[in-house]
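*Asks:* Got a structure for you, structure_32.pdb, holding PDB, C-alpha atoms.
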ATOM      1  CA  GLY A1288     -14.449 -12.407   2.038
ATOM      2  CA  LYS A1289     -14.210 -15.999   0.886
ATOM      3  CA  ARG A1290     -12.251 -18.402   3.105
ATOM      4  CA  VAL A1291      -9.705 -20.564   1.271
ATOM      5  CA  VAL A1292      -7.614 -23.028   3.261
ATOM      6  CA  ILE A1293      -4.000 -23.751   2.275
ATOM      7  CA  PRO A1294      -2.795 -27.099   3.658
ATOM      8  CA  ALA A1295       0.412 -27.189   5.689
ATOM      9  CA  GLY A1296       3.471 -28.166   3.669
ATOM     10  CA  GLN A1297       6.435 -26.887   1.752
ATOM     11  CA  TYR A1298       5.793 -24.669  -1.244
ATOM     12  CA  ALA A1299       7.888 -22.932  -3.865
ATOM     13  CA  TRP A1300       6.683 -20.480  -6.432
ATOM     14  CA  ALA A1301       7.971 -18.310  -9.230
ATOM     15  CA  ARG A1302       6.656 -15.174 -10.876
ATOM     16  CA  GLY A1303       7.316 -13.281 -14.041
ATOM     17  CA  ALA A1304       6.420  -9.637 -14.473
ATOM     18  CA  PHE A1305       5.750  -7.026 -17.111
ATOM     19  CA  GLU A1306       6.302  -3.421 -16.106
ATOM     20  CA  GLY A1307       5.631  -0.246 -18.011
ATOM     21  CA  ASN A1308       5.551   3.373 -16.939
ATOM     22  CA  THR A1309       5.672   6.894 -18.197
ATOM     23  CA  ASN A1310       7.994   9.634 -16.934
ATOM     24  CA  GLN A1311       7.383   9.572 -13.144
ATOM     25  CA  SER A1312       8.628  13.188 -12.764
ATOM     26  CA  ALA A1313       6.066  14.555 -15.255
ATOM     27  CA  PRO A1314       2.976  16.423 -13.995
ATOM     28  CA  VAL A1315       0.865  13.368 -14.893
ATOM     29  CA  SER A1316       2.286   9.861 -14.939
ATOM     30  CA  ALA A1317       1.094   6.281 -15.058
ATOM     31  CA  SER A1318       2.475   2.840 -14.374
ATOM     32  CA  LEU A1319       1.225  -0.665 -15.077
ATOM     33  CA  PHE A1320       2.483  -3.950 -13.626
ATOM     34  CA  HIS A1321       1.299  -7.429 -14.533
ATOM     35  CA  ARG A1322       2.589 -10.420 -12.622
ATOM     36  CA  ILE A1323       1.885 -14.049 -13.418
ATOM     37  CA  GLY A1324       3.102 -17.214 -11.761
ATOM     38  CA  THR A1325       2.431 -19.788  -9.102
ATOM     39  CA  PHE A1326       1.107 -19.209  -5.593
ATOM     40  CA  TYR A1327       1.415 -22.021  -3.062
ATOM     41  CA  ASN A1328      -0.079 -24.945  -5.045
ATOM     42  CA  GLY A1329      -2.078 -22.751  -7.419
ATOM     43  CA  ASP A1330      -1.855 -19.898  -9.911
ATOM     44  CA  TYR A1331      -1.421 -16.154  -9.465
ATOM     45  CA  HIS A1332      -2.279 -13.211 -11.724
ATOM     46  CA  GLY A1333      -1.781  -9.691 -10.423
ATOM     47  CA  TRP A1334      -2.396  -6.252 -11.901
ATOM     48  CA  GLN A1335      -1.322  -2.902 -10.546
ATOM     49  CA  LEU A1336      -2.316   0.367 -12.189
ATOM     50  CA  THR A1337      -1.210   3.703 -10.749
ATOM     51  CA  VAL A1338      -1.855   7.265 -11.916
ATOM     52  CA  GLY A1339       0.305   9.987 -10.385
ATOM     53  CA  LEU A1340      -0.315  13.722 -10.270
ATOM     54  CA  ARG A1341       2.403  16.253  -9.509
ATOM     55  CA  PRO A1342       0.819  19.711  -9.828
ATOM     56  CA  SER A1343       3.810  21.428  -8.193
ATOM     57  CA  THR A1344       7.179  20.604  -6.680
ATOM     58  CA  ARG A1345       5.585  20.478  -3.218
ATOM     59  CA  ILE A1346       2.518  18.346  -3.900
ATOM     60  CA  GLN A1347       2.422  14.765  -5.162
ATOM     61  CA  SER A1348      -0.469  12.345  -5.278
ATOM     62  CA  GLU A1349      -1.226   8.872  -6.604
ATOM     63  CA  ILE A1350      -4.294   6.753  -6.973
ATOM     64  CA  GLY A1351      -4.000   3.094  -7.741
ATOM     65  CA  TRP A1352      -5.825  -0.151  -8.252
ATOM     66  CA  ASN A1353      -4.264  -3.484  -7.387
ATOM     67  CA  ARG A1354      -5.949  -6.779  -8.224
ATOM     68  CA  ASP A1355      -4.717 -10.188  -7.119
ATOM     69  CA  ASP A1356      -6.451 -13.162  -8.744
ATOM     70  CA  ILE A1357      -5.571 -16.438  -6.995
ATOM     71  CA  THR A1358      -6.662 -19.931  -8.080
ATOM     72  CA  LEU A1359      -5.963 -22.779  -5.645
ATOM     73  CA  PRO A1360      -7.225 -26.372  -5.556
ATOM     74  CA  GLY A1361      -9.417 -25.372  -2.577
ATOM     75  CA  GLY A1362     -10.992 -22.388  -4.318
ATOM     76  CA  ARG A1363     -10.491 -19.157  -6.148
ATOM     77  CA  PHE A1364     -10.486 -15.618  -4.810
ATOM     78  CA  ARG A1365      -9.772 -12.081  -5.880
ATOM     79  CA  ASN A1366      -8.675  -9.102  -3.900
ATOM     80  CA  ASP A1367      -8.938  -5.485  -4.946
ATOM     81  CA  LEU A1368      -6.916  -2.839  -3.155
ATOM     82  CA  VAL A1369      -7.367   0.881  -3.849
ATOM     83  CA  PRO A1370      -4.567   3.053  -2.412
ATOM     84  CA  VAL A1371      -4.573   6.858  -2.500
ATOM     85  CA  LYS A1372      -1.355   8.670  -1.548
ATOM     86  CA  VAL A1373      -0.905  12.402  -1.010
ATOM     87  CA  SER A1374       2.285  14.192  -0.010
ATOM     88  CA  TYR A1375       2.951  17.841   0.725
ATOM     89  CA  ALA A1376       6.513  19.104   1.316
ATOM     90  CA  PHE A1377       6.779  22.253   3.428
ATOM     91  CA  THR A1378      10.541  22.203   2.801
ATOM     92  CA  SER A1379      13.000  19.557   1.632
ATOM     93  CA  LEU A1380      13.224  18.345   5.257
ATOM     94  CA  ALA A1381       9.611  18.741   6.457
ATOM     95  CA  SER A1382       6.597  17.030   4.940
ATOM     96  CA  VAL A1383       3.222  15.502   5.641
ATOM     97  CA  GLN A1384       2.146  12.313   3.864
ATOM     98  CA  GLY A1385      -1.085  10.389   3.810
ATOM     99  CA  LEU A1386      -2.032   6.913   2.625
ATOM    100  CA  LEU A1387      -5.708   5.984   2.444
ATOM    101  CA  GLN A1388      -6.471   2.426   1.384
ATOM    102  CA  TYR A1389      -9.548   0.302   0.760
ATOM    103  CA  ASN A1390      -9.215  -3.510   0.831
ATOM    104  CA  LYS A1391     -12.209  -5.250  -0.767
ATOM    105  CA  GLN A1392     -11.346  -8.795   0.406
ATOM    106  CA  ALA A1393     -11.115  -7.761   4.068
ATOM    107  CA  SER A1394     -13.775  -5.014   3.752
ATOM    108  CA  THR A1395     -11.506  -2.549   5.512
ATOM    109  CA  PHE A1396     -10.547   1.074   5.097
ATOM    110  CA  SER A1397      -7.240   2.172   6.582
ATOM    111  CA  SER A1398      -5.381   5.437   6.851
ATOM    112  CA  ASN A1399      -1.803   6.333   7.693
ATOM    113  CA  ILE A1400      -0.857   9.983   8.132
ATOM    114  CA  ARG A1401       2.746  10.936   8.844
ATOM    115  CA  LEU A1402       4.467  14.202   9.674
ATOM    116  CA  ALA A1403       8.223  14.000   9.029
ATOM    117  CA  LEU A1404      10.733  16.542  10.304
ATOM    118  CA  LEU A1405      14.018  15.242   8.927
ATOM    119  CA  ASP A1406      17.602  15.984   9.839
ATOM    120  CA  ARG A1407      19.638  14.111   7.197
ATOM    121  CA  SER A1408      19.598  10.772   5.394
ATOM    122  CA  GLY A1409      16.006  10.006   6.384
ATOM    123  CA  THR A1410      16.703  10.489  10.096
ATOM    124  CA  GLY A1411      14.616  12.767  12.249
ATOM    125  CA  PHE A1412      11.333  13.130  14.084
ATOM    126  CA  PHE A1413       8.099  11.448  12.934
ATOM    127  CA  LEU A1414       4.511  11.709  14.147
ATOM    128  CA  VAL A1415       2.334   8.911  12.714
ATOM    129  CA  TYR A1416      -1.418   8.319  13.013
ATOM    130  CA  ASN A1417      -2.939   4.978  11.878
ATOM    131  CA  ASP A1418      -6.608   4.063  11.716
ATOM    132  CA  ARG A1419      -8.296   0.878  10.419
ATOM    133  CA  ARG A1420     -12.056   0.354  10.052
ATOM    134  CA  ASP A1421     -14.404  -2.460   9.069
ATOM    135  CA  THR A1422     -16.629  -1.426   6.141
ATOM    136  CA  SER A1423     -18.503  -4.704   5.596
ATOM    137  CA  PRO A1424     -22.219  -4.256   4.815
ATOM    138  CA  PHE A1425     -22.892  -7.286   7.019
ATOM    139  CA  THR A1426     -21.500  -5.738  10.199
ATOM    140  CA  ALA A1427     -21.860  -2.378  11.873
ATOM    141  CA  ASP A1428     -19.090   0.125  11.154
ATOM    142  CA  GLU A1429     -16.368  -0.743  13.595
ATOM    143  CA  LEU A1430     -13.007   0.670  14.535
ATOM    144  CA  LEU A1431     -10.501  -2.200  14.245
ATOM    145  CA  GLY A1432      -7.449  -0.331  15.423
ATOM    146  CA  ARG A1433      -5.999   3.100  16.005
ATOM    147  CA  SER A1434      -2.502   4.185  16.946
ATOM    148  CA  PHE A1435      -0.501   7.341  17.393
ATOM    149  CA  VAL A1436       3.267   6.891  17.176
ATOM    150  CA  VAL A1437       6.045   9.314  18.041
ATOM    151  CA  LYS A1438       9.392   8.216  16.619
ATOM    152  CA  TYR A1439      12.854   9.694  16.495
ATOM    153  CA  THR A1440      15.639   8.107  14.453
ATOM    154  CA  ARG A1441      19.276   9.048  14.374
ATOM    155  CA  LEU A1442      22.050   7.862  12.081
ATOM    156  CA  PHE A1443      25.421   7.425  13.758
ATOM    157  CA  ASP A1444      28.627   7.683  11.757
ATOM    158  CA  PHE A1445      31.444   5.348  12.797
TER     159      PHE A1445
END
Represent the structure contained in this file as structure tokens.

*Replies:*
Amino acid sequence: GKRVVIPAGQYAWARGAFEGNTNQSAPVSASLFHRIGTFYNGDYHGWQLTVGLRPSTRIQSEIGWNRDDITLPGGRFRNDLVPVKVSYAFTSLASVQGLLQYNKQASTFSSNIRLALLDRSGTGFFLVYNDRRDTSPFTADELLGRSFVVKYTRLFDF
């Protein structure tokens, strides 16, 4: 990707947003976000489009496209992110979820797969697998990181 340097200093920015979506519980849904504002000492325009599919009560999926368009005094750059989410619920307390994501600016493909066996209020046992790979045409395919996480959370009532 293109390298843009942001000088050290204090920055403040503001953003406005437009948001529109259809019924998210319908078998097919869509959402659109547009954000506009400042970014460090430049301008920001962002788009996010998501299409969701819910073929049954157990299966949900989404595919999206996010674009960030940044203009700074030192240069301009764009980033495209394509996330794909899939979720399957075995029961109301047991599910498997996957997030696959391509980042054009960084030329990376990442995946996050999670098995959740819940007790109550989001607490329970989680198995998580993460994988991140370089997909740049200028370098050989390379594994950038991989992790396997076992996590147990518990909510205490006082």

*Asks:* Excluding A:Thr1344 and any residue of its chain fewer than 2 positions from it, enumerate the residues within 12 Å of it, using all atoms listed in the file, and give them as a list of chain:residue names.

*Replies:*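 Final neighbour list, sorted by chain and number: A:Ser1312, A:Ala1313, A:Pro1314, A:Leu1340, A:Arg1341, A:Pro1342, A:Ile1346, A:Gln1347, A:Ser1348, A:Ser1374, A:Tyr1375, A:Ala1376, A:Phe1377, A:Thr1378, A:Ser1379.
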
*Asks:* Could you write out as a list in words the residues that the PyMOL selection byres ((chain A and resi 1392) around 7) matches in the shown file?

*Replies:*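 With the PyMOL selection byres ((chain A and resi 1392) around 7) on this model, the match is Gly1288, Asn1366, Asp1367, Asn1390, Lys1391, Ala1393 and Ser1394 of chain A.
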
*Asks:* Would you list the contacts of A:Gly1329 as a PyMOL selection string, taking every protein, DNA or RNA residue within 8 Å and counting only C-alpha atoms, but skipping same-chain residues closer than 3 positions in sequence?

*Replies:* chain A and resi 1325-1326+1357-1360

*Asks:* So what does the PyMOL selection byres ((chain A and resi 1351) around 9) actually pick up in this one, as a ChimeraX atom specification?

*Replies:* /A:1335-1339,1349-1350,1352-1353,1368-1372

*Asks:* Please save C-alpha atoms of the selected residues as a short mmCIF file (atom, residue, chain, number, x, y, z; two decimals), in the frame of the given file.

*Replies:*
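Output contents, as saved in again_26.cif:
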data_model
loop_
_atom_site.label_atom_id
_atom_site.label_comp_id
_atom_site.auth_asym_id
_atom_site.auth_seq_id
_atom_site.Cartn_x
_atom_site.Cartn_y
_atom_site.Cartn_z
CA GLN A 1335 -1.32 -2.90 -10.55
CA LEU A 1336 -2.32 0.37 -12.19
CA THR A 1337 -1.21 3.70 -10.75
CA VAL A 1338 -1.86 7.26 -11.92
CA GLY A 1339 0.30 9.99 -10.38
CA GLU A 1349 -1.23 8.87 -6.60
CA ILE A 1350 -4.29 6.75 -6.97
CA TRP A 1352 -5.82 -0.15 -8.25
CA ASN A 1353 -4.26 -3.48 -7.39
CA LEU A 1368 -6.92 -2.84 -3.16
CA VAL A 1369 -7.37 0.88 -3.85
CA PRO A 1370 -4.57 3.05 -2.41
CA VAL A 1371 -4.57 6.86 -2.50
CA LYS A 1372 -1.36 8.67 -1.55
#

*Asks:* Measure the distance from atom CA of A:Phe1445 to atom CA of A:Leu1402 in Å and round it to one decimal.

*Replies:* 28.6 Å

*Asks:* Within 7 Å of A:Phe1435, counting all atoms listed in the file, which residues show up once you throw out same-chain ones fewer than 4 positions away? Write them as a PyMOL selection string, please.

*Replies:* chain A and resi 1415-1417

*Asks:* To one decimal place, how far is atom CA of A:Ser1423 from atom CA of A:Arg1401 in Å?

*Replies:*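 Computing the Euclidean distance for atom CA of A:Ser1423 and atom CA of A:Arg1401 yields 26.6 Å.
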
*Asks:* Using only C-alpha atoms, which of the listed residues (A:Phe1396, A:Gly1411, A:Asn1308, A:Gln1297) sits closest to A:Leu1442?

*Replies:*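 So, comparing all the options, the nearest one is A:Gly1411.
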
*Asks:* Find the distance between atom CA of A:Tyr1331 and atom CA of A:Phe1305 and write it in Å to one decimal.

*Replies:* 13.9 Å

*Asks:* I need the residue nearest A:Arg1441 from this list: A:Thr1309, A:Asn1399, A:Ser1318, A:Ser1408. Use only C-alpha atoms for the distance.

*Replies:*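 Going through A:Thr1309, A:Asn1399, A:Ser1318, A:Ser1408 one by one, the smallest distance to A:Arg1441 is for A:Ser1408.
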
*Asks:* With distances taken over all atoms listed in the file, which of A:Gly1362, A:Arg1354, A:Tyr1298, A:Arg1407 is nearest to A:Arg1322?

*Replies:*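 Using all atoms listed in the file, the shortest distance to A:Arg1322 belongs to A:Arg1354.
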
*Asks:* Would you translate the PyMOL selection byres ((chain A and resi 1439) around 9) into the concrete set of residues it matches in this file, as a VMD selection string?

*Replies:* chain A and resid 1410 to 1414 1437 to 1438 1440 to 1441

*Asks:* Given the choices A:Ala1295, A:Leu1405, A:Ala1381, A:Asp1330, which gets closest to A:Arg1365 if the distance is worked out from all atoms listed in the file?

*Replies:* A:Asp1330

*Asks:* Of the candidates A:Asp1418, A:Glu1306, A:Glu1429, A:Asp1356, which shows the shortest atom-to-atom distance to A:Gln1388, using only C-alpha atoms?

*Replies:*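 When distances to A:Gln1388 are compared using only C-alpha atoms, the smallest one comes from A:Asp1418.
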
*Asks:* Pick the closest to A:Gly1324 from A:Gly1296, A:Gly1303, A:Gly1385, A:Gly1409: which is it, counting all atoms listed in the file?

*Replies:* A:Gly1303

*Asks:* Please identify all polymer residues lying at most 6 Å from the point (-4.0, -9.2, -12.6) (file coordinates), using only C-alpha atoms, and present the result as a ChimeraX atom specification.

*Replies:* /A:1321,1332-1334,1354-1355
